[in-house]
$ cat query-v7.pdb   # PDB, C-alpha atoms
ATOM      1  CA  MET A1076      20.807  24.025  51.715  1.00  0.00           C
ATOM      2  CA  THR A1077      19.887  27.699  51.822  1.00  0.00           C
ATOM      3  CA  ARG A1078      17.838  28.672  54.895  1.00  0.00           C
ATOM      4  CA  LEU A1079      14.239  29.082  53.878  1.00  0.00           C
ATOM      5  CA  PRO A1080      11.125  29.860  55.885  1.00  0.00           C
ATOM      6  CA  PRO A1081      10.003  26.603  57.608  1.00  0.00           C
ATOM      7  CA  ALA A1082       7.028  25.933  55.322  1.00  0.00           C
ATOM      8  CA  GLN A1083       9.130  26.441  52.197  1.00  0.00           C
ATOM      9  CA  GLU A1084      11.960  24.316  53.594  1.00  0.00           C
ATOM     10  CA  GLN A1085       9.456  21.501  54.216  1.00  0.00           C
ATOM     11  CA  ILE A1086       8.256  21.709  50.605  1.00  0.00           C
ATOM     12  CA  VAL A1087      11.817  21.613  49.292  1.00  0.00           C
ATOM     13  CA  LEU A1088      12.747  18.662  51.521  1.00  0.00           C
ATOM     14  CA  ALA A1089       9.609  16.772  50.507  1.00  0.00           C
ATOM     15  CA  HIS A1090      10.539  17.181  46.839  1.00  0.00           C
ATOM     16  CA  ALA A1091      14.322  16.921  47.181  1.00  0.00           C
ATOM     17  CA  ASN A1092      14.547  13.885  44.890  1.00  0.00           C
ATOM     18  CA  LEU A1093      12.682  15.632  42.084  1.00  0.00           C
ATOM     19  CA  ILE A1094      14.731  18.809  42.500  1.00  0.00           C
ATOM     20  CA  HIS A1095      17.981  16.829  42.331  1.00  0.00           C
ATOM     21  CA  ALA A1096      16.779  14.807  39.334  1.00  0.00           C
ATOM     22  CA  VAL A1097      15.940  17.943  37.342  1.00  0.00           C
ATOM     23  CA  VAL A1098      19.265  19.618  38.167  1.00  0.00           C
ATOM     24  CA  ARG A1099      21.200  16.435  37.282  1.00  0.00           C
ATOM     25  CA  THR A1100      19.296  16.181  33.989  1.00  0.00           C
ATOM     26  CA  VAL A1101      20.040  19.824  33.124  1.00  0.00           C
ATOM     27  CA  GLN A1102      23.728  19.049  33.725  1.00  0.00           C
ATOM     28  CA  ASN A1103      23.565  15.685  31.913  1.00  0.00           C
ATOM     29  CA  PRO A1104      20.814  15.483  29.253  1.00  0.00           C
ATOM     30  CA  GLU A1105      21.435  11.732  28.828  1.00  0.00           C
ATOM     31  CA  LEU A1106      19.410  11.274  32.040  1.00  0.00           C
ATOM     32  CA  ARG A1107      16.311  12.722  30.382  1.00  0.00           C
ATOM     33  CA  PRO A1108      14.494   9.410  29.659  1.00  0.00           C
ATOM     34  CA  GLU A1109      14.523   8.460  33.355  1.00  0.00           C
ATOM     35  CA  LEU A1110      13.274  11.905  34.390  1.00  0.00           C
ATOM     36  CA  ASP A1111      10.621  11.900  31.655  1.00  0.00           C
ATOM     37  CA  HIS A1112       9.101   8.773  33.196  1.00  0.00           C
ATOM     38  CA  ALA A1113       8.884  10.455  36.615  1.00  0.00           C
ATOM     39  CA  LEU A1114       7.406  13.578  35.013  1.00  0.00           C
ATOM     40  CA  ARG A1115       4.728  11.535  33.216  1.00  0.00           C
ATOM     41  CA  VAL A1116       3.719   9.894  36.498  1.00  0.00           C
ATOM     42  CA  SER A1117       3.679  13.267  38.249  1.00  0.00           C
ATOM     43  CA  GLU A1118       1.552  14.762  35.497  1.00  0.00           C
ATOM     44  CA  GLU A1119      -0.900  11.853  35.747  1.00  0.00           C
ATOM     45  CA  ASN A1120      -1.142  12.591  39.482  1.00  0.00           C
ATOM     46  CA  GLY A1121      -2.223  16.181  38.856  1.00  0.00           C
ATOM     47  CA  TRP A1122       1.048  18.092  38.849  1.00  0.00           C
ATOM     48  CA  VAL A1123       0.421  19.442  35.356  1.00  0.00           C
ATOM     49  CA  ALA A1124       1.546  23.045  35.937  1.00  0.00           C
ATOM     50  CA  LEU A1125       4.706  21.981  37.796  1.00  0.00           C
ATOM     51  CA  VAL A1126       5.654  19.424  35.146  1.00  0.00           C
ATOM     52  CA  GLY A1127       5.091  22.047  32.438  1.00  0.00           C
ATOM     53  CA  ALA A1128       7.457  24.441  34.215  1.00  0.00           C
ATOM     54  CA  ILE A1129      10.060  21.689  34.656  1.00  0.00           C
ATOM     55  CA  ARG A1130       9.899  20.803  30.969  1.00  0.00           C
ATOM     56  CA  ARG A1131      10.453  24.478  30.130  1.00  0.00           C
ATOM     57  CA  ILE A1132      13.473  24.521  32.466  1.00  0.00           C
ATOM     58  CA  LEU A1133      14.833  21.419  30.712  1.00  0.00           C
ATOM     59  CA  ALA A1134      14.387  23.272  27.410  1.00  0.00           C
ATOM     60  CA  GLY A1135      16.574  26.082  28.740  1.00  0.00           C
ATOM     61  CA  GLU A1136      14.063  28.649  29.985  1.00  0.00           C
ATOM     62  CA  ARG A1137      15.076  30.554  33.119  1.00  0.00           C
ATOM     63  CA  SER A1138      12.718  33.560  33.047  1.00  0.00           C
ATOM     64  CA  ALA A1139      10.185  34.702  35.639  1.00  0.00           C
ATOM     65  CA  ARG A1140       7.478  33.454  33.247  1.00  0.00           C
ATOM     66  CA  LEU A1141       8.161  29.961  34.613  1.00  0.00           C
ATOM     67  CA  PHE A1142       6.177  30.931  37.715  1.00  0.00           C
ATOM     68  CA  GLU A1143       3.016  31.948  35.860  1.00  0.00           C
ATOM     69  CA  GLY A1144       0.119  29.675  36.791  1.00  0.00           C
ATOM     70  CA  LEU A1145       1.968  27.895  39.599  1.00  0.00           C
ATOM     71  CA  ASP A1146       0.560  27.543  43.086  1.00  0.00           C
ATOM     72  CA  GLU A1147       2.771  28.366  46.060  1.00  0.00           C
ATOM     73  CA  GLU A1148       4.136  24.839  46.493  1.00  0.00           C
ATOM     74  CA  ASP A1149       5.005  24.463  42.808  1.00  0.00           C
ATOM     75  CA  ALA A1150       6.676  27.899  42.797  1.00  0.00           C
ATOM     76  CA  VAL A1151       8.862  26.899  45.758  1.00  0.00           C
ATOM     77  CA  ILE A1152       9.926  23.731  43.915  1.00  0.00           C
ATOM     78  CA  VAL A1153      10.719  25.608  40.693  1.00  0.00           C
ATOM     79  CA  GLU A1154      12.706  28.230  42.613  1.00  0.00           C
ATOM     80  CA  ALA A1155      14.709  25.458  44.336  1.00  0.00           C
ATOM     81  CA  ILE A1156      15.446  23.863  40.951  1.00  0.00           C
ATOM     82  CA  LEU A1157      16.628  27.168  39.476  1.00  0.00           C
ATOM     83  CA  ARG A1158      18.718  27.905  42.577  1.00  0.00           C
ATOM     84  CA  GLY A1159      20.248  24.405  42.336  1.00  0.00           C
ATOM     85  CA  ILE A1160      21.133  24.925  38.667  1.00  0.00           C
ATOM     86  CA  ARG A1161      22.888  28.207  39.531  1.00  0.00           C
ATOM     87  CA  ASP A1162      24.586  26.818  42.652  1.00  0.00           C
ATOM     88  CA  PRO A1163      24.460  23.073  43.393  1.00  0.00           C
ATOM     89  CA  GLN A1164      25.540  23.824  46.984  1.00  0.00           C
ATOM     90  CA  THR A1165      21.982  25.070  47.608  1.00  0.00           C
ATOM     91  CA  LEU A1166      20.384  21.706  46.771  1.00  0.00           C
ATOM     92  CA  PRO A1167      18.429  20.070  49.600  1.00  0.00           C
ATOM     93  CA  ASP A1168      19.730  16.966  51.309  1.00  0.00           C
ATOM     94  CA  PRO A1169      17.481  14.181  49.970  1.00  0.00           C
ATOM     95  CA  GLU A1170      18.157  12.094  53.086  1.00  0.00           C
ATOM     96  CA  LYS A1171      16.943  14.770  55.495  1.00  0.00           C
ATOM     97  CA  LEU A1172      13.400  13.942  56.492  1.00  0.00           C
ATOM     98  CA  GLY A1173      12.371  17.386  57.633  1.00  0.00           C
ATOM     99  CA  ASP A1174      10.018  18.220  60.469  1.00  0.00           C
ATOM    100  CA  ALA A1175       7.858  15.179  61.205  1.00  0.00           C
ATOM    101  CA  SER A1176       5.095  17.381  62.580  1.00  0.00           C
ATOM    102  CA  LEU A1177       4.739  19.013  59.161  1.00  0.00           C
ATOM    103  CA  ALA A1178       5.282  15.969  56.921  1.00  0.00           C
ATOM    104  CA  ALA A1179       3.347  13.349  58.881  1.00  0.00           C
ATOM    105  CA  PRO A1180      -0.218  14.681  58.377  1.00  0.00           C
ATOM    106  CA  GLY A1181       0.125  14.778  54.592  1.00  0.00           C
ATOM    107  CA  LEU A1182       1.774  11.371  54.367  1.00  0.00           C
ATOM    108  CA  ALA A1183      -0.785   9.857  56.735  1.00  0.00           C
ATOM    109  CA  ALA A1184      -3.676  11.306  54.728  1.00  0.00           C
ATOM    110  CA  MET A1185      -2.304   9.775  51.510  1.00  0.00           C
ATOM    111  CA  ILE A1186      -1.654   6.413  53.191  1.00  0.00           C
ATOM    112  CA  HIS A1187      -5.141   6.435  54.733  1.00  0.00           C
ATOM    113  CA  ALA A1188      -6.814   7.274  51.405  1.00  0.00           C
ATOM    114  CA  ALA A1189      -4.771   4.605  49.599  1.00  0.00           C
ATOM    115  CA  GLY A1190      -5.760   2.060  52.254  1.00  0.00           C
ATOM    116  CA  LYS A1191      -9.411   2.925  51.647  1.00  0.00           C
ATOM    117  CA  GLY A1192      -9.037   2.164  47.924  1.00  0.00           C
ATOM    118  CA  ASP A1193      -8.465   5.663  46.501  1.00  0.00           C
ATOM    119  CA  VAL A1194      -6.686   4.780  43.245  1.00  0.00           C
ATOM    120  CA  GLN A1195      -5.060   8.194  42.784  1.00  0.00           C
ATOM    121  CA  ALA A1196      -3.730   8.157  46.363  1.00  0.00           C
ATOM    122  CA  LEU A1197      -2.439   4.621  45.858  1.00  0.00           C
ATOM    123  CA  GLN A1198      -0.591   5.652  42.702  1.00  0.00           C
ATOM    124  CA  LEU A1199       0.873   8.680  44.435  1.00  0.00           C
ATOM    125  CA  VAL A1200       1.993   6.637  47.456  1.00  0.00           C
ATOM    126  CA  ALA A1201       3.554   4.017  45.153  1.00  0.00           C
ATOM    127  CA  HIS A1202       5.437   6.678  43.192  1.00  0.00           C
ATOM    128  CA  MET A1203       6.562   8.393  46.378  1.00  0.00           C
ATOM    129  CA  ALA A1204       7.705   5.073  47.876  1.00  0.00           C
ATOM    130  CA  GLU A1205       9.736   4.324  44.752  1.00  0.00           C
ATOM    131  CA  GLU A1206      11.437   7.725  44.902  1.00  0.00           C
ATOM    132  CA  MET A1207      12.102   7.427  48.645  1.00  0.00           C
ATOM    133  CA  THR A1208      13.594   3.960  48.248  1.00  0.00           C
ATOM    134  CA  ARG A1209      16.137   5.301  45.740  1.00  0.00           C
ATOM    135  CA  VAL A1210      17.443   7.754  48.333  1.00  0.00           C
ATOM    136  CA  GLY A1211      18.386   5.111  50.871  1.00  0.00           C
ATOM    137  CA  GLY A1212      18.869   5.682  54.585  1.00  0.00           C
ATOM    138  CA  ASP A1213      15.820   6.346  56.739  1.00  0.00           C
ATOM    139  CA  MET A1214      13.998   7.822  53.758  1.00  0.00           C
ATOM    140  CA  GLY A1215      14.575   4.620  51.808  1.00  0.00           C
ATOM    141  CA  ARG A1216      13.389   2.526  54.751  1.00  0.00           C
ATOM    142  CA  LEU A1217      10.243   4.636  55.009  1.00  0.00           C
ATOM    143  CA  GLY A1218       9.652   4.151  51.276  1.00  0.00           C
ATOM    144  CA  GLY A1219       9.910   0.412  51.834  1.00  0.00           C
ATOM    145  CA  LEU A1220       7.291   0.625  54.590  1.00  0.00           C
ATOM    146  CA  MET A1221       4.620   2.343  52.533  1.00  0.00           C
ATOM    147  CA  ARG A1222       2.923  -0.857  51.352  1.00  0.00           C
ATOM    148  CA  ARG A1223       2.825  -2.188  54.912  1.00  0.00           C
ATOM    149  CA  LEU A1224       1.314   1.090  56.140  1.00  0.00           C
ATOM    150  CA  VAL A1225      -1.279   1.120  53.353  1.00  0.00           C
ATOM    151  CA  ASN A1226      -2.145  -2.486  54.222  1.00  0.00           C
ATOM    152  CA  GLY A1227      -2.814  -1.492  57.832  1.00  0.00           C
ATOM    153  CA  GLU A1228       0.345  -2.355  59.775  1.00  0.00           C
ATOM    154  CA  ARG A1229       0.597  -0.114  62.861  1.00  0.00           C
ATOM    155  CA  ASP A1230       3.289  -1.766  65.022  1.00  0.00           C
ATOM    156  CA  ALA A1231       5.705   1.118  65.642  1.00  0.00           C
ATOM    157  CA  GLU A1232       8.482  -1.126  66.936  1.00  0.00           C
ATOM    158  CA  ALA A1233       8.404  -3.350  63.850  1.00  0.00           C
ATOM    159  CA  LEU A1234       8.082  -0.412  61.457  1.00  0.00           C
ATOM    160  CA  CYS A1235      10.936   1.558  63.037  1.00  0.00           C
ATOM    161  CA  ALA A1236      13.405  -1.344  63.120  1.00  0.00           C
ATOM    162  CA  GLY A1237      16.778  -0.198  61.805  1.00  0.00           C
ATOM    163  CA  MET A1238      15.859   3.484  61.595  1.00  0.00           C
ATOM    164  CA  GLY A1239      17.666   6.442  63.068  1.00  0.00           C
ATOM    165  CA  ALA A1240      16.044   8.939  65.418  1.00  0.00           C
ATOM    166  CA  GLU A1241      14.668  11.197  62.652  1.00  0.00           C
ATOM    167  CA  GLY A1242      13.129   8.269  60.796  1.00  0.00           C
ATOM    168  CA  GLU A1243      11.584   6.905  63.976  1.00  0.00           C
ATOM    169  CA  ARG A1244      10.061  10.304  64.808  1.00  0.00           C
ATOM    170  CA  LEU A1245       8.516  10.516  61.361  1.00  0.00           C
ATOM    171  CA  VAL A1246       7.106   6.972  61.457  1.00  0.00           C
ATOM    172  CA  VAL A1247       5.657   7.509  64.960  1.00  0.00           C
ATOM    173  CA  SER A1248       4.147  10.831  63.835  1.00  0.00           C
ATOM    174  CA  ILE A1249       2.608   9.153  60.773  1.00  0.00           C
ATOM    175  CA  LEU A1250       1.161   6.412  62.995  1.00  0.00           C
ATOM    176  CA  GLU A1251      -0.302   9.028  65.353  1.00  0.00           C
ATOM    177  CA  GLU A1252      -1.915  10.838  62.418  1.00  0.00           C
ATOM    178  CA  LEU A1253      -3.232   7.557  60.999  1.00  0.00           C
ATOM    179  CA  GLY A1254      -4.722   6.791  64.398  1.00  0.00           C
ATOM    180  CA  LYS A1255      -6.603  10.103  64.317  1.00  0.00           C
ATOM    181  CA  LEU A1256      -7.859   9.455  60.776  1.00  0.00           C
ATOM    182  CA  GLU A1257      -8.924   5.908  61.556  1.00  0.00           C
ATOM    183  CA  ALA A1258     -10.788   7.021  64.686  1.00  0.00           C
ATOM    184  CA  HIS A1259     -13.229   9.038  62.553  1.00  0.00           C
TER     185      HIS A1259
END

$ encode --input "query-v7.pdb" --output "structure tokens"
Amino acid sequence: MTRLPPAQEQIVLAHANLIHAVVRTVQNPELRPELDHALRVSEENGWVALVGAIRRILAGERSARLFEGLDEEDAVIVEAILRGIRDPQTLPDPEKLGDASLAAPGLAAMIHAAGKGDVQALQLVAHMAEEMTRVGGDMGRLGGLMRRLVNGERDAEALCAGMGAEGERLVVSILEELGKLEAH
């Protein structure tokens, strides 16, 4: 993967599955129905501008106009997709978990909200867990843990069973962040 500033790299790693799926679909349009389902779910979860840009990419657009109306995170994702179309060697590693200190607060906040009954957060966590599970490795294991985390499990040893060092760091960081949220 191309070296990006840390915040941008975190965004790209967090959305690696989506970036790969779009690039694969551009290369093989027969995959479009599967991607369309993921795009519908993403759109329902508020990613309207990003999904619009992705659909324009799938239709063949590659101009700077794709970035109009996108926030910073969406623009980073679109740029990574375009870079991946031009040079697949730049695609992020979907199994790399990234910096736990950056990913954990966001994941913990979504898990906490879902555990409190926030329907949108629950849908987002479920979609994310499904995507993570497809990747396999530590990311897949973490995806498989999401329901347990939402349901309140906090035993680090049980949750980290079978994970590598990066996965363990992320799970422990998520648990620490959940502890902070639950203390309030």

$ residues_near_point --input "query-v7.pdb" --point "(0.8, 4.8, 66.4)" --cutoff "10 Å" --atoms "all atoms listed in the file" --output "number ranges by chain"
A: 1228-1232, 1246-1255

$ resolve_selection --input "query-v7.pdb" --expression "the PyMOL selection byres ((chain A and resi 1221) around 9)" --output "ChimeraX atom specification"
/A:1186,1200-1201,1203-1204,1217-1220,1222-1226

$ residues_around --input "query-v7.pdb" --residues "range 1138-1155 of chain A" --least-positions-apart "2" --cutoff "9 Å" --atoms "only C-alpha atoms" --output "VMD selection string"
chain A and resid 1083 to 1084 1086 to 1087 1090 to 1091 1093 to 1094 1122 1124 to 1125 1127 to 1129 1131 to 1132 1136 1157 to 1160 1165 to 1167

$ atom_distance --input "query-v7.pdb" --atom1 "CA of Ala1188 in chain A" --atom2 "CA of His1259 in chain A"
13.0 Å

$ atom_distance --input "query-v7.pdb" --atom1 "CA of Ala1113 in chain A" --atom2 "CA of Arg1130 in chain A"
11.8 Å

$ residues_around --input "query-v7.pdb" --residues "Asp1213 in chain A" --least-positions-apart "4" --cutoff "12 Å" --atoms "all atoms listed in the file" --output "CSV table (one decimal) with C-alpha atoms, keeping the file's coordinate frame"
chain,number,residue,atom,x,y,z
A,1169,PRO,CA,17.5,14.2,50.0
A,1170,GLU,CA,18.2,12.1,53.1
A,1171,LYS,CA,16.9,14.8,55.5
A,1172,LEU,CA,13.4,13.9,56.5
A,1173,GLY,CA,12.4,17.4,57.6
A,1207,MET,CA,12.1,7.4,48.6
A,1208,THR,CA,13.6,4.0,48.2
A,1209,ARG,CA,16.1,5.3,45.7
A,1217,LEU,CA,10.2,4.6,55.0
A,1218,GLY,CA,9.7,4.2,51.3
A,1219,GLY,CA,9.9,0.4,51.8
A,1220,LEU,CA,7.3,0.6,54.6
A,1234,LEU,CA,8.1,-0.4,61.5
A,1235,CYS,CA,10.9,1.6,63.0
A,1236,ALA,CA,13.4,-1.3,63.1
A,1237,GLY,CA,16.8,-0.2,61.8
A,1238,MET,CA,15.9,3.5,61.6
A,1239,GLY,CA,17.7,6.4,63.1
A,1240,ALA,CA,16.0,8.9,65.4
A,1241,GLU,CA,14.7,11.2,62.7
A,1242,GLY,CA,13.1,8.3,60.8
A,1243,GLU,CA,11.6,6.9,64.0
A,1244,ARG,CA,10.1,10.3,64.8
A,1245,LEU,CA,8.5,10.5,61.4
A,1246,VAL,CA,7.1,7.0,61.5

$ atom_distance --input "query-v7.pdb" --atom1 "CA of Leu1133 in chain A" --atom2 "CA of Leu1199 in chain A"
23.4 Å

$ resolve_selection --input "query-v7.pdb" --expression "the PyMOL selection byres ((chain A and resi 1096) around 10)" --output "list in words"
Ala1091, Asn1092, Leu1093, Ile1094, His1095, Val1097, Val1098, Arg1099, Thr1100, Val1101, Gln1102, Leu1106, Arg1107, Glu1109, Leu1110, Ala1113 and Ile1156 of chain A

$ closest_residue --input "query-v7.pdb" --among "A:Asp1168, A:Gly1135, A:Pro1163, A:Lys1191" --to "Gly1212 in chain A" --atoms "only C-alpha atoms"
A:Asp1168

$ resolve_selection --input "query-v7.pdb" --expression "the PyMOL selection byres ((chain A and resi 1198) around 10)" --output "PyMOL selection string"
chain A and resi 1116-1117+1119-1120+1185+1189+1193-1197+1199-1204

$ write_last_selection --input "query-v7.pdb" --atoms "C-alpha atoms" --output "compact mmCIF listing (two decimals), in the coordinates of the input"
# COMPACT_ATOMS: atom_id res chain seq x y z
CA VAL A 1116 3.72 9.89 36.50
CA SER A 1117 3.68 13.27 38.25
CA GLU A 1119 -0.90 11.85 35.75
CA ASN A 1120 -1.14 12.59 39.48
CA MET A 1185 -2.30 9.78 51.51
CA ALA A 1189 -4.77 4.61 49.60
CA ASP A 1193 -8.46 5.66 46.50
CA VAL A 1194 -6.69 4.78 43.24
CA GLN A 1195 -5.06 8.19 42.78
CA ALA A 1196 -3.73 8.16 46.36
CA LEU A 1197 -2.44 4.62 45.86
CA LEU A 1199 0.87 8.68 44.44
CA VAL A 1200 1.99 6.64 47.46
CA ALA A 1201 3.55 4.02 45.15
CA HIS A 1202 5.44 6.68 43.19
CA MET A 1203 6.56 8.39 46.38
CA ALA A 1204 7.70 5.07 47.88

$ decode --input "query-v7.pdb" --residues "range 1099-1120 of chain A" --atoms "N, CA and C atoms" --output "PDB file, in the first residue's frame"
ATOM      1  N   ARG A1099     -12.409  -4.667  -7.683  1.00  0.00           N
ATOM      2  CA  ARG A1099     -12.708  -5.976  -8.297  1.00  0.00           C
ATOM      3  C   ARG A1099     -13.908  -5.871  -9.233  1.00  0.00           C
ATOM      4  N   THR A1100     -14.925  -5.104  -8.826  1.00  0.00           N
ATOM      5  CA  THR A1100     -16.132  -4.977  -9.644  1.00  0.00           C
ATOM      6  C   THR A1100     -15.847  -4.174 -10.908  1.00  0.00           C
ATOM      7  N   VAL A1101     -14.990  -3.176 -10.838  1.00  0.00           N
ATOM      8  CA  VAL A1101     -14.595  -2.431 -12.038  1.00  0.00           C
ATOM      9  C   VAL A1101     -13.900  -3.388 -13.006  1.00  0.00           C
ATOM     10  N   GLN A1102     -13.069  -4.273 -12.476  1.00  0.00           N
ATOM     11  CA  GLN A1102     -12.339  -5.231 -13.316  1.00  0.00           C
ATOM     12  C   GLN A1102     -13.220  -6.381 -13.795  1.00  0.00           C
ATOM     13  N   ASN A1103     -14.278  -6.696 -13.026  1.00  0.00           N
ATOM     14  CA  ASN A1103     -15.159  -7.813 -13.356  1.00  0.00           C
ATOM     15  C   ASN A1103     -16.607  -7.417 -13.051  1.00  0.00           C
ATOM     16  N   PRO A1104     -17.289  -6.793 -14.018  1.00  0.00           N
ATOM     17  CA  PRO A1104     -18.651  -6.295 -13.783  1.00  0.00           C
ATOM     18  C   PRO A1104     -19.661  -7.359 -13.348  1.00  0.00           C
ATOM     19  N   GLU A1105     -19.355  -8.638 -13.516  1.00  0.00           N
ATOM     20  CA  GLU A1105     -20.266  -9.689 -13.065  1.00  0.00           C
ATOM     21  C   GLU A1105     -20.435  -9.687 -11.546  1.00  0.00           C
ATOM     22  N   LEU A1106     -19.509  -9.041 -10.836  1.00  0.00           N
ATOM     23  CA  LEU A1106     -19.579  -8.969  -9.373  1.00  0.00           C
ATOM     24  C   LEU A1106     -20.507  -7.858  -8.888  1.00  0.00           C
ATOM     25  N   ARG A1107     -21.067  -7.108  -9.811  1.00  0.00           N
ATOM     26  CA  ARG A1107     -21.870  -5.937  -9.461  1.00  0.00           C
ATOM     27  C   ARG A1107     -23.045  -6.225  -8.527  1.00  0.00           C
ATOM     28  N   PRO A1108     -23.810  -7.305  -8.709  1.00  0.00           N
ATOM     29  CA  PRO A1108     -24.945  -7.542  -7.796  1.00  0.00           C
ATOM     30  C   PRO A1108     -24.519  -7.641  -6.328  1.00  0.00           C
ATOM     31  N   GLU A1109     -23.405  -8.303  -6.055  1.00  0.00           N
ATOM     32  CA  GLU A1109     -22.930  -8.435  -4.681  1.00  0.00           C
ATOM     33  C   GLU A1109     -22.533  -7.066  -4.122  1.00  0.00           C
ATOM     34  N   LEU A1110     -21.835  -6.268  -4.925  1.00  0.00           N
ATOM     35  CA  LEU A1110     -21.431  -4.940  -4.483  1.00  0.00           C
ATOM     36  C   LEU A1110     -22.651  -4.038  -4.310  1.00  0.00           C
ATOM     37  N   ASP A1111     -23.623  -4.150  -5.199  1.00  0.00           N
ATOM     38  CA  ASP A1111     -24.824  -3.317  -5.091  1.00  0.00           C
ATOM     39  C   ASP A1111     -25.522  -3.521  -3.751  1.00  0.00           C
ATOM     40  N   HIS A1112     -25.539  -4.749  -3.265  1.00  0.00           N
ATOM     41  CA  HIS A1112     -26.147  -5.010  -1.954  1.00  0.00           C
ATOM     42  C   HIS A1112     -25.396  -4.238  -0.867  1.00  0.00           C
ATOM     43  N   ALA A1113     -24.073  -4.328  -0.874  1.00  0.00           N
ATOM     44  CA  ALA A1113     -23.264  -3.615   0.122  1.00  0.00           C
ATOM     45  C   ALA A1113     -23.460  -2.106   0.002  1.00  0.00           C
ATOM     46  N   LEU A1114     -23.579  -1.613  -1.220  1.00  0.00           N
ATOM     47  CA  LEU A1114     -23.782  -0.173  -1.423  1.00  0.00           C
ATOM     48  C   LEU A1114     -25.146   0.272  -0.894  1.00  0.00           C
ATOM     49  N   ARG A1115     -26.169  -0.553  -1.092  1.00  0.00           N
ATOM     50  CA  ARG A1115     -27.502  -0.216  -0.563  1.00  0.00           C
ATOM     51  C   ARG A1115     -27.464  -0.110   0.958  1.00  0.00           C
ATOM     52  N   VAL A1116     -26.805  -1.064   1.600  1.00  0.00           N
ATOM     53  CA  VAL A1116     -26.697  -1.051   3.061  1.00  0.00           C
ATOM     54  C   VAL A1116     -25.918   0.187   3.508  1.00  0.00           C
ATOM     55  N   SER A1117     -24.837   0.481   2.819  1.00  0.00           N
ATOM     56  CA  SER A1117     -24.035   1.659   3.164  1.00  0.00           C
ATOM     57  C   SER A1117     -24.835   2.938   3.004  1.00  0.00           C
ATOM     58  N   GLU A1118     -25.604   3.012   1.946  1.00  0.00           N
ATOM     59  CA  GLU A1118     -26.441   4.192   1.705  1.00  0.00           C
ATOM     60  C   GLU A1118     -27.485   4.350   2.810  1.00  0.00           C
ATOM     61  N   GLU A1119     -28.080   3.229   3.220  1.00  0.00           N
ATOM     62  CA  GLU A1119     -29.073   3.258   4.300  1.00  0.00           C
ATOM     63  C   GLU A1119     -28.445   3.706   5.623  1.00  0.00           C
ATOM     64  N   ASN A1120     -27.134   3.498   5.757  1.00  0.00           N
ATOM     65  CA  ASN A1120     -26.426   3.892   6.974  1.00  0.00           C
ATOM     66  C   ASN A1120     -25.821   5.289   6.865  1.00  0.00           C
TER      67      ASN A1120
END
